[in-house]
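Enquirer: Input structure: protein_28.csv, which contains CSV, C-alpha atoms.
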```csv
chain,number,residue,atom,x,y,z
A,56,MET,CA,-0.9,-9.7,-22.9
A,57,THR,CA,0.9,-6.8,-24.4
A,58,GLY,CA,2.5,-4.5,-21.9
A,59,ALA,CA,2.4,-6.9,-19.0
A,60,PRO,CA,5.6,-7.3,-17.1
A,61,ALA,CA,7.7,-10.4,-17.8
A,62,PRO,CA,7.9,-12.8,-14.8
A,63,THR,CA,11.4,-11.6,-13.8
A,64,GLU,CA,10.8,-7.9,-14.5
A,65,PRO,CA,10.2,-5.9,-11.3
A,66,VAL,CA,6.8,-4.4,-10.7
A,67,ILE,CA,8.5,-1.5,-9.0
A,68,ARG,CA,12.0,-0.4,-9.8
A,69,LEU,CA,13.7,2.6,-8.2
A,70,ARG,CA,17.0,4.0,-9.2
A,71,GLY,CA,18.9,6.7,-7.3
A,72,LEU,CA,15.6,8.0,-5.9
A,73,THR,CA,16.1,11.2,-3.9
A,74,ARG,CA,13.8,13.8,-2.5
A,75,ARG,CA,15.0,17.0,-0.8
A,76,PHE,CA,12.9,19.5,1.2
A,77,GLY,CA,15.1,22.5,1.3
A,78,GLY,CA,18.5,21.4,2.6
A,79,ILE,CA,17.1,18.1,4.1
A,80,ALA,CA,17.2,14.9,2.1
A,81,ALA,CA,14.2,12.9,3.2
A,82,VAL,CA,15.0,10.1,0.8
A,83,ARG,CA,18.6,9.6,-0.4
A,84,ASP,CA,19.7,7.6,-3.5
A,85,VAL,CA,17.4,4.7,-3.0
A,86,ASP,CA,17.6,1.7,-5.4
A,87,LEU,CA,14.8,-0.9,-5.0
A,88,ASP,CA,13.4,-3.8,-7.0
A,89,VAL,CA,10.0,-5.4,-6.1
A,90,ALA,CA,9.2,-8.6,-8.0
A,91,PRO,CA,5.7,-9.6,-9.3
A,92,GLY,CA,3.7,-11.1,-6.5
A,93,GLU,CA,6.2,-10.2,-3.8
A,94,ARG,CA,5.3,-9.1,-0.3
A,95,ARG,CA,7.9,-6.4,0.6
A,96,ALA,CA,8.0,-4.6,4.0
A,97,VAL,CA,9.7,-1.3,4.3
A,98,LEU,CA,10.8,-0.8,7.9
A,99,GLY,CA,12.6,1.9,9.9
A,100,PRO,CA,12.3,4.3,12.8
A,101,ASN,CA,10.2,7.5,12.6
A,102,GLY,CA,11.8,9.9,10.2
A,103,ALA,CA,13.5,7.2,8.2
A,104,GLY,CA,11.9,8.4,5.0
A,105,LYS,CA,9.4,5.5,4.5
A,106,THR,CA,6.3,7.5,3.8
A,107,THR,CA,8.2,10.0,1.6
A,108,LEU,CA,9.4,7.0,-0.4
A,109,PHE,CA,5.8,5.8,-0.8
A,110,ASN,CA,4.7,9.3,-1.9
A,111,LEU,CA,7.4,9.2,-4.6
A,112,ILE,CA,6.4,5.8,-5.9
A,113,ALA,CA,2.7,6.8,-5.9
A,114,GLY,CA,3.3,10.1,-7.6
A,115,ASP,CA,2.2,12.4,-4.7
A,116,TYR,CA,5.7,13.9,-4.7
A,117,ARG,CA,8.1,14.5,-7.6
A,118,PRO,CA,11.7,13.3,-7.0
A,119,SER,CA,14.6,15.7,-6.7
A,120,ALA,CA,16.7,13.1,-8.6
A,121,GLY,CA,16.4,9.5,-9.7
A,122,ALA,CA,13.7,7.4,-11.5
A,123,VAL,CA,10.6,5.4,-10.8
A,124,GLU,CA,9.5,2.5,-13.0
A,125,LEU,CA,6.2,0.7,-12.6
A,126,PHE,CA,5.4,-2.5,-14.5
A,127,GLY,CA,8.4,-2.0,-16.8
A,128,ARG,CA,7.7,1.7,-17.7
A,129,ASP,CA,9.3,4.9,-16.5
A,130,VAL,CA,6.6,6.9,-14.6
A,131,THR,CA,8.9,9.4,-13.0
A,132,ARG,CA,7.0,12.4,-14.5
A,133,LEU,CA,3.5,10.8,-14.5
A,134,PRO,CA,0.9,12.2,-12.0
A,135,ALA,CA,-0.6,9.9,-9.4
A,136,ARG,CA,-3.8,9.3,-11.2
A,137,ARG,CA,-1.9,8.0,-14.2
A,138,ARG,CA,-0.1,5.6,-12.0
A,139,VAL,CA,-3.4,4.4,-10.5
A,140,ALA,CA,-4.6,3.8,-14.1
A,141,ARG,CA,-1.6,1.6,-14.7
A,142,GLY,CA,-2.5,-0.6,-11.7
A,143,LEU,CA,-1.0,0.9,-8.6
A,144,THR,CA,-3.2,1.7,-5.5
A,145,ARG,CA,-2.3,2.7,-2.0
A,146,THR,CA,-3.6,3.4,1.5
A,147,TYR,CA,-2.5,6.2,3.9
A,148,GLN,CA,-1.5,6.4,7.5
A,149,ARG,CA,-4.6,8.4,8.3
A,150,SER,CA,-8.1,7.3,7.2
A,151,ASN,CA,-9.5,9.4,4.3
A,152,LEU,CA,-12.9,7.7,4.3
A,153,PHE,CA,-16.2,9.7,4.4
A,154,ALA,CA,-17.9,9.1,7.7
A,155,GLY,CA,-21.3,10.0,6.4
A,156,LEU,CA,-21.4,7.3,3.7
A,157,THR,CA,-22.2,3.6,4.3
A,158,VAL,CA,-19.7,0.9,3.8
A,159,ARG,CA,-21.5,-0.2,0.6
A,160,GLU,CA,-21.7,3.4,-0.8
A,161,THR,CA,-18.0,3.9,-0.1
A,162,LEU,CA,-17.1,0.9,-2.2
A,163,TYR,CA,-19.6,1.8,-4.9
A,164,LEU,CA,-17.9,5.1,-5.4
A,165,GLY,CA,-14.5,3.4,-5.4
A,166,LEU,CA,-15.7,1.1,-8.1
A,167,MET,CA,-17.1,4.0,-10.1
A,168,GLY,CA,-13.9,6.0,-9.9
A,169,ALA,CA,-11.8,3.0,-10.8
A,170,GLU,CA,-13.8,2.3,-13.9
A,171,HIS,CA,-14.0,5.8,-15.3
A,172,GLY,CA,-11.6,8.0,-13.4
A,173,HIS,CA,-14.5,10.4,-12.8
A,174,PHE,CA,-18.1,10.2,-11.6
A,175,ALA,CA,-20.7,10.0,-14.3
A,176,LEU,CA,-24.2,11.6,-13.8
A,177,ARG,CA,-26.0,9.2,-16.2
A,178,ARG,CA,-26.4,5.7,-14.7
A,179,ARG,CA,-27.5,2.5,-16.4
A,180,PRO,CA,-29.5,-0.1,-14.4
A,181,GLU,CA,-27.3,-3.0,-15.5
A,182,THR,CA,-24.2,-1.0,-14.5
A,183,GLU,CA,-25.7,-0.1,-11.2
A,184,GLU,CA,-26.5,-3.7,-10.4
A,185,ARG,CA,-23.0,-4.9,-11.4
A,186,ARG,CA,-21.4,-2.3,-9.1
A,187,ARG,CA,-23.6,-3.2,-6.2
A,188,SER,CA,-22.7,-6.9,-6.6
A,189,ALA,CA,-19.0,-6.0,-6.9
A,190,ALA,CA,-19.3,-3.9,-3.7
A,191,ASP,CA,-20.9,-6.7,-1.8
A,192,ALA,CA,-18.2,-9.1,-3.0
A,193,LEU,CA,-15.5,-6.8,-1.7
A,194,ILE,CA,-17.4,-6.4,1.6
A,195,ALA,CA,-17.3,-10.2,2.0
A,196,ARG,CA,-13.7,-10.4,0.8
A,197,VAL,CA,-12.4,-8.2,3.6
A,198,GLY,CA,-14.6,-9.7,6.3
A,199,LEU,CA,-17.2,-6.9,6.7
A,200,ASP,CA,-20.2,-9.1,6.1
A,201,GLY,CA,-23.4,-7.6,7.5
A,202,ARG,CA,-21.8,-4.1,7.7
A,203,GLY,CA,-22.7,-2.9,4.2
A,204,ASP,CA,-25.5,-0.5,5.4
A,205,VAL,CA,-23.6,0.8,8.4
A,206,LEU,CA,-22.2,4.4,8.3
A,207,VAL,CA,-18.4,4.5,8.0
A,208,GLY,CA,-18.3,6.7,11.1
A,209,ALA,CA,-20.1,4.0,13.1
A,210,ILE,CA,-17.7,1.1,12.4
A,211,SER,CA,-14.6,0.4,14.4
A,212,HIS,CA,-11.1,1.6,13.6
A,213,GLY,CA,-10.1,-1.9,12.6
A,214,GLU,CA,-13.1,-2.2,10.3
A,215,GLN,CA,-12.2,1.1,8.7
A,216,ARG,CA,-8.8,-0.3,7.9
A,217,GLN,CA,-10.5,-3.4,6.4
A,218,LEU,CA,-12.7,-1.0,4.3
A,219,GLU,CA,-9.6,1.0,3.2
A,220,LEU,CA,-8.1,-2.3,1.9
A,221,ALA,CA,-11.4,-3.1,0.1
A,222,VAL,CA,-11.3,0.4,-1.6
A,223,ALA,CA,-7.7,-0.3,-2.7
A,224,LEU,CA,-8.8,-3.6,-4.2
A,225,ALA,CA,-11.8,-2.0,-6.0
A,226,GLY,CA,-9.7,-1.0,-9.0
A,227,ASP,CA,-8.4,-4.6,-9.5
A,228,PRO,CA,-4.8,-3.4,-8.9
A,229,LYS,CA,-1.6,-5.1,-9.9
A,230,ALA,CA,0.2,-3.6,-6.9
A,231,ILE,CA,-0.9,-2.2,-3.5
A,232,MET,CA,1.1,0.0,-1.2
A,233,LEU,CA,-0.1,0.0,2.5
A,234,ASP,CA,1.1,2.7,4.8
A,235,GLU,CA,1.0,1.4,8.4
A,236,PRO,CA,-2.3,-0.6,8.0
A,237,ALA,CA,-2.1,-1.9,11.6
A,238,ALA,CA,-1.6,1.5,13.2
A,239,GLY,CA,-3.9,1.9,16.2
A,240,LEU,CA,-5.4,-1.6,16.0
A,241,SER,CA,-6.1,-3.9,18.9
A,242,PRO,CA,-4.3,-7.3,19.1
A,243,GLY,CA,-7.4,-9.0,17.7
A,244,GLU,CA,-7.8,-6.5,14.9
A,245,ARG,CA,-4.1,-6.8,14.0
A,246,GLN,CA,-4.5,-10.6,13.8
A,247,ALA,CA,-7.6,-10.2,11.5
A,248,LEU,CA,-5.7,-7.7,9.3
A,249,THR,CA,-2.7,-10.0,9.1
A,250,GLU,CA,-4.9,-12.9,7.9
A,251,LEU,CA,-6.5,-10.7,5.3
A,252,LEU,CA,-3.1,-9.6,4.0
A,253,LEU,CA,-1.8,-13.2,3.9
A,254,GLY,CA,-4.9,-14.2,2.0
A,255,LEU,CA,-4.5,-11.7,-0.8
A,256,ASP,CA,-4.1,-13.2,-4.3
A,257,ARG,CA,-0.4,-13.6,-5.2
A,258,ALA,CA,-1.2,-11.9,-8.6
A,259,ILE,CA,-1.2,-8.7,-6.5
A,260,THR,CA,2.2,-7.3,-5.4
A,261,VAL,CA,2.1,-5.8,-1.9
A,262,VAL,CA,4.5,-3.3,-0.4
A,263,LEU,CA,3.8,-2.2,3.2
A,264,ILE,CA,5.2,0.2,5.8
A,265,GLU,CA,4.5,-1.1,9.3
A,266,HIS,CA,5.8,-0.4,12.7
A,267,ASP,CA,4.4,-3.6,14.1
A,268,MET,CA,7.3,-6.0,13.5
A,269,ASP,CA,5.1,-9.0,14.2
A,270,VAL,CA,2.7,-8.1,11.4
A,271,ALA,CA,5.4,-6.9,9.0
A,272,LEU,CA,7.7,-9.9,9.3
A,273,ARG,CA,4.8,-12.4,9.2
A,274,VAL,CA,3.4,-10.9,6.0
A,275,ALA,CA,6.7,-10.1,4.2
A,276,ASP,CA,8.8,-12.3,1.9
A,277,SER,CA,11.5,-9.7,2.0
A,278,VAL,CA,12.3,-6.6,4.0
A,279,THR,CA,14.0,-3.2,3.2
A,280,MET,CA,15.3,-1.3,6.3
A,281,MET,CA,15.6,2.5,6.0
A,282,HIS,CA,17.4,4.9,8.2
A,283,ASP,CA,17.9,8.7,7.7
A,284,GLY,CA,16.4,8.5,4.2
A,285,ALA,CA,18.6,5.7,2.9
A,286,VAL,CA,18.4,1.9,2.6
A,287,VAL,CA,20.7,0.3,5.2
A,288,ILE,CA,19.9,-3.4,4.9
A,289,GLU,CA,17.7,-5.8,3.0
A,290,GLY,CA,16.9,-9.4,3.7
A,291,THR,CA,14.4,-12.1,4.6
A,292,PRO,CA,12.3,-11.7,7.7
A,293,ASP,CA,14.6,-14.2,9.5
A,294,GLU,CA,17.7,-12.2,8.5
A,295,ILE,CA,16.1,-9.0,9.7
A,296,ARG,CA,15.2,-10.6,13.0
A,297,ALA,CA,18.8,-11.7,13.5
A,298,SER,CA,20.4,-8.4,12.4
A,299,GLU,CA,22.2,-6.5,15.1
A,300,LEU,CA,22.0,-3.4,12.9
A,301,VAL,CA,18.2,-3.7,12.9
A,302,GLN,CA,18.2,-4.2,16.7
A,303,ALA,CA,20.3,-1.1,17.1
A,304,LEU,CA,18.4,1.2,14.7
A,305,TYR,CA,14.9,0.0,14.9
A,306,LEU,CA,14.4,-1.6,18.3
A,307,GLY,CA,16.6,0.8,20.3
A,308,SER,CA,19.2,-1.8,21.3
A,309,GLU,CA,22.4,-0.5,22.7
A,310,ARG,CA,24.4,-3.1,20.8
A,311,ALA,CA,26.7,-1.6,18.1
```
Is it possible to give me this structure as structure tokens?
Expert:
Amino acid sequence: MTGAPAPTEPVIRLRGLTRRFGGIAAVRDVDLDVAPGERRAVLGPNGAGKTTLFNLIAGDYRPSAGAVELFGRDVTRLPARRRVARGLTRTYQRSNLFAGLTVRETLYLGLMGAEHGHFALRRRPETEERRRSAADALIARVGLDGRGDVLVGAISHGEQRQLELAVALAGDPKAIMLDEPAAGLSPGERQALTELLLGLDRAITVVLIEHDMDVALRVADSVTMMHDGAVVIEGTPDEIRASELVQALYLGSERA
């Protein structure tokens, strides 16, 4: 397929990526490659620059310096919607779902937006039926069977996180970025979310920020550790677990 990344070409490539807010560098000279199908966790203490990095990749922020490539093309100056059109979706730390819509309506709108980039007033019966079927398939895919007609405001926080993942999947993305998907979840909900993430098709590249080390290190193939806006260490989950630097910076160990 023309324009598709070669197997060894990174889905996400960052070079010298920097973002300053006034005199503060929230992200400093970050180089990062994420391979097709990879599960990459970005870890670090509060204020490390993780979410700012996500915002730069997604196009919510413009970099002060450096470059962002997605699927082999420079997108540094492209707005967020153009990056979505190229196959990148994301979730946010805080839910941005509409509480007054049902689960099925939420996914229907997500499918409509993904297909057209806008909401058309004219509707065709065959298109309507196809979207309803696709919405129901997504509901089942993220474990929300039987919840399609329930208002978003009436489902649990964990189910809302599952729904956010379904919305991200609605556009048939090539890469998904998840910003603290397990935040605020109970142990049982975290386990259910972890199983969902582990079950995602390897055709989809996944990058996640997560403070829950158990979730992050179980899902990830590789880990990037940030501190004070910069990358300080990268490695496998086992290497990160064994790292004294990670213990010191992330877990609050007193070891040097």
Enquirer: Considering all atoms listed in the file, state which residue in the set A:Arg95, A:Arg185, A:Arg68, A:Arg83 is at the smallest distance from Thr291 (chain A).
Expert: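 Ranked by minimum distance to Thr291 (chain A), first place goes to A:Arg95.
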Enquirer: Compile the contact shell of region 231-244 of chain A as a PyMOL selection string: residues with an atom at most 8 Å away, counting all atoms listed in the file, same-chain residues fewer than 4 positions apart removed.
Expert: chain A and resi 106+109+143-148+212-213+216+223+248+259-267+270
Enquirer: Would you please work out which residue, of A:Val82, A:Ile210, A:Leu164, A:Leu87, is nearest to Leu125 (chain A) when using all atoms listed in the file?
Expert: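 Result for the nearest residue to Leu125 (chain A): A:Leu87.
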Enquirer: So that I can see what lies close to Gly121 (chain A), please list as a JSON list (two decimals) with C-alpha atoms, keeping the file's coordinate frame the residues with an atom at most 6 Å from it, counting only C-alpha atoms and leaving out residues fewer than 4 positions away in the same chain.
Expert:
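Here's the written file selection.json:
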```json
[["chain", "number", "residue", "atom", "x", "y", "z"],
["A", 70, "ARG", "CA", 17.00, 4.00, -9.20],
["A", 71, "GLY", "CA", 18.90, 6.70, -7.30],
["A", 72, "LEU", "CA", 15.60, 8.00, -5.90]]
```
Enquirer: Could you check how far CA of Val205 (chain A) sits from CA of Asp227 (chain A), in Å to one decimal?
Expert: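 Straight-line distance from CA of Val205 (chain A) to CA of Asp227 (chain A) works out to 24.1 Å.
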Enquirer: Would you list the residues near (9.2, 1.2, 7.4), meaning any protein, DNA or RNA residue with an atom at most 7 Å from that point in file coordinates, counting only C-alpha atoms, as a PyMOL selection string?
Expert: chain A and resi 96-100+105+264-266+280-281
Enquirer: Counting only C-alpha atoms, I want the residues whose atoms come within 12 Å of (16.1, -1.7, -8.4) in the file frame, returned as a PyMOL selection string.
Expert: chain A and resi 64-72+84-90+121-125+127+279+286
Enquirer: Could the residues in this selection be saved with C-alpha atoms as a tab-separated table (two decimals), in the coordinates of the input?
Expert:
```tsv
chain	number	residue	atom	x	y	z
A	64	GLU	CA	10.80	-7.90	-14.50
A	65	PRO	CA	10.20	-5.90	-11.30
A	66	VAL	CA	6.80	-4.40	-10.70
A	67	ILE	CA	8.50	-1.50	-9.00
A	68	ARG	CA	12.00	-0.40	-9.80
A	69	LEU	CA	13.70	2.60	-8.20
A	70	ARG	CA	17.00	4.00	-9.20
A	71	GLY	CA	18.90	6.70	-7.30
A	72	LEU	CA	15.60	8.00	-5.90
A	84	ASP	CA	19.70	7.60	-3.50
A	85	VAL	CA	17.40	4.70	-3.00
A	86	ASP	CA	17.60	1.70	-5.40
A	87	LEU	CA	14.80	-0.90	-5.00
A	88	ASP	CA	13.40	-3.80	-7.00
A	89	VAL	CA	10.00	-5.40	-6.10
A	90	ALA	CA	9.20	-8.60	-8.00
A	121	GLY	CA	16.40	9.50	-9.70
A	122	ALA	CA	13.70	7.40	-11.50
A	123	VAL	CA	10.60	5.40	-10.80
A	124	GLU	CA	9.50	2.50	-13.00
A	125	LEU	CA	6.20	0.70	-12.60
A	127	GLY	CA	8.40	-2.00	-16.80
A	279	THR	CA	14.00	-3.20	3.20
A	286	VAL	CA	18.40	1.90	2.60
```
Enquirer: Determine the nearest neighbour of Ala258 (chain A) from the options A:Ala81, A:Leu272, A:Ile112, A:Pro91, counting only C-alpha atoms.
Expert: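 Once distances to Ala258 (chain A) are computed over only C-alpha atoms, the minimum belongs to A:Pro91.
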Enquirer: Quote the spacing between CA of Ile288 (chain A) and CA of Ala230 (chain A) in Å to one decimal place.
Expert: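 So the answer is 23.0 Å.
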Enquirer: Near Gly114 (chain A), within 9 Å and counting all atoms listed in the file, which residues show up once chain neighbours fewer than 6 positions away are dropped, as a PyMOL selection string?
Expert: chain A and resi 130-138
Enquirer: Write to file, as a JSON list (two decimals), in the coordinates of the input, the residues of the selection just made, with C-alpha atoms.
Expert:
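This is the output file selection37.json:
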```json
[["chain", "number", "residue", "atom", "x", "y", "z"],
["A", 130, "VAL", "CA", 6.60, 6.90, -14.60],
["A", 131, "THR", "CA", 8.90, 9.40, -13.00],
["A", 132, "ARG", "CA", 7.00, 12.40, -14.50],
["A", 133, "LEU", "CA", 3.50, 10.80, -14.50],
["A", 134, "PRO", "CA", 0.90, 12.20, -12.00],
["A", 135, "ALA", "CA", -0.60, 9.90, -9.40],
["A", 136, "ARG", "CA", -3.80, 9.30, -11.20],
["A", 137, "ARG", "CA", -1.90, 8.00, -14.20],
["A", 138, "ARG", "CA", -0.10, 5.60, -12.00]]
```
Enquirer: I need the residue nearest Thr157 (chain A) from this list: A:Met268, A:Leu251, A:Ala113, A:Ala190. Use only C-alpha atoms for the distance.
Expert: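 Residue with the minimum atom-to-atom distance to Thr157 (chain A): A:Ala190.
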Enquirer: Because some atoms of region 95-107 of chain A are absent here, can you restore N, CA and C atoms and send them as a CSV table (one decimal), in the coordinates of the input?
Expert:
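Output (selection.csv):
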```csv
chain,number,residue,atom,x,y,z
A,95,ARG,N,6.7,-7.1,0.2
A,95,ARG,CA,7.9,-6.4,0.6
A,95,ARG,C,7.5,-5.4,1.8
A,96,ALA,N,8.2,-5.6,2.9
A,96,ALA,CA,8.0,-4.6,4.0
A,96,ALA,C,9.1,-3.6,4.0
A,97,VAL,N,8.7,-2.3,4.2
A,97,VAL,CA,9.7,-1.3,4.3
A,97,VAL,C,9.7,-0.8,5.8
A,98,LEU,N,10.7,-1.0,6.5
A,98,LEU,CA,10.8,-0.8,7.9
A,98,LEU,C,11.8,0.3,8.2
A,99,GLY,N,11.7,0.9,9.5
A,99,GLY,CA,12.6,1.9,9.9
A,99,GLY,C,12.0,2.8,11.0
A,100,PRO,N,12.8,3.4,11.8
A,100,PRO,CA,12.3,4.3,12.8
A,100,PRO,C,11.6,5.5,12.2
A,101,ASN,N,10.9,6.3,13.1
A,101,ASN,CA,10.2,7.5,12.6
A,101,ASN,C,11.3,8.4,12.0
A,102,GLY,N,10.9,9.0,10.9
A,102,GLY,CA,11.8,9.9,10.2
A,102,GLY,C,12.8,9.3,9.3
A,103,ALA,N,12.6,7.9,9.1
A,103,ALA,CA,13.5,7.2,8.2
A,103,ALA,C,13.3,7.5,6.7
A,104,GLY,N,12.2,8.1,6.4
A,104,GLY,CA,11.9,8.4,5.0
A,104,GLY,C,10.9,7.4,4.3
A,105,LYS,N,10.3,6.6,5.1
A,105,LYS,CA,9.4,5.5,4.5
A,105,LYS,C,8.2,6.1,3.8
A,106,THR,N,7.5,7.0,4.4
A,106,THR,CA,6.3,7.5,3.8
A,106,THR,C,6.6,8.4,2.6
A,107,THR,N,7.7,9.2,2.7
A,107,THR,CA,8.2,10.0,1.6
A,107,THR,C,8.5,9.1,0.4
```
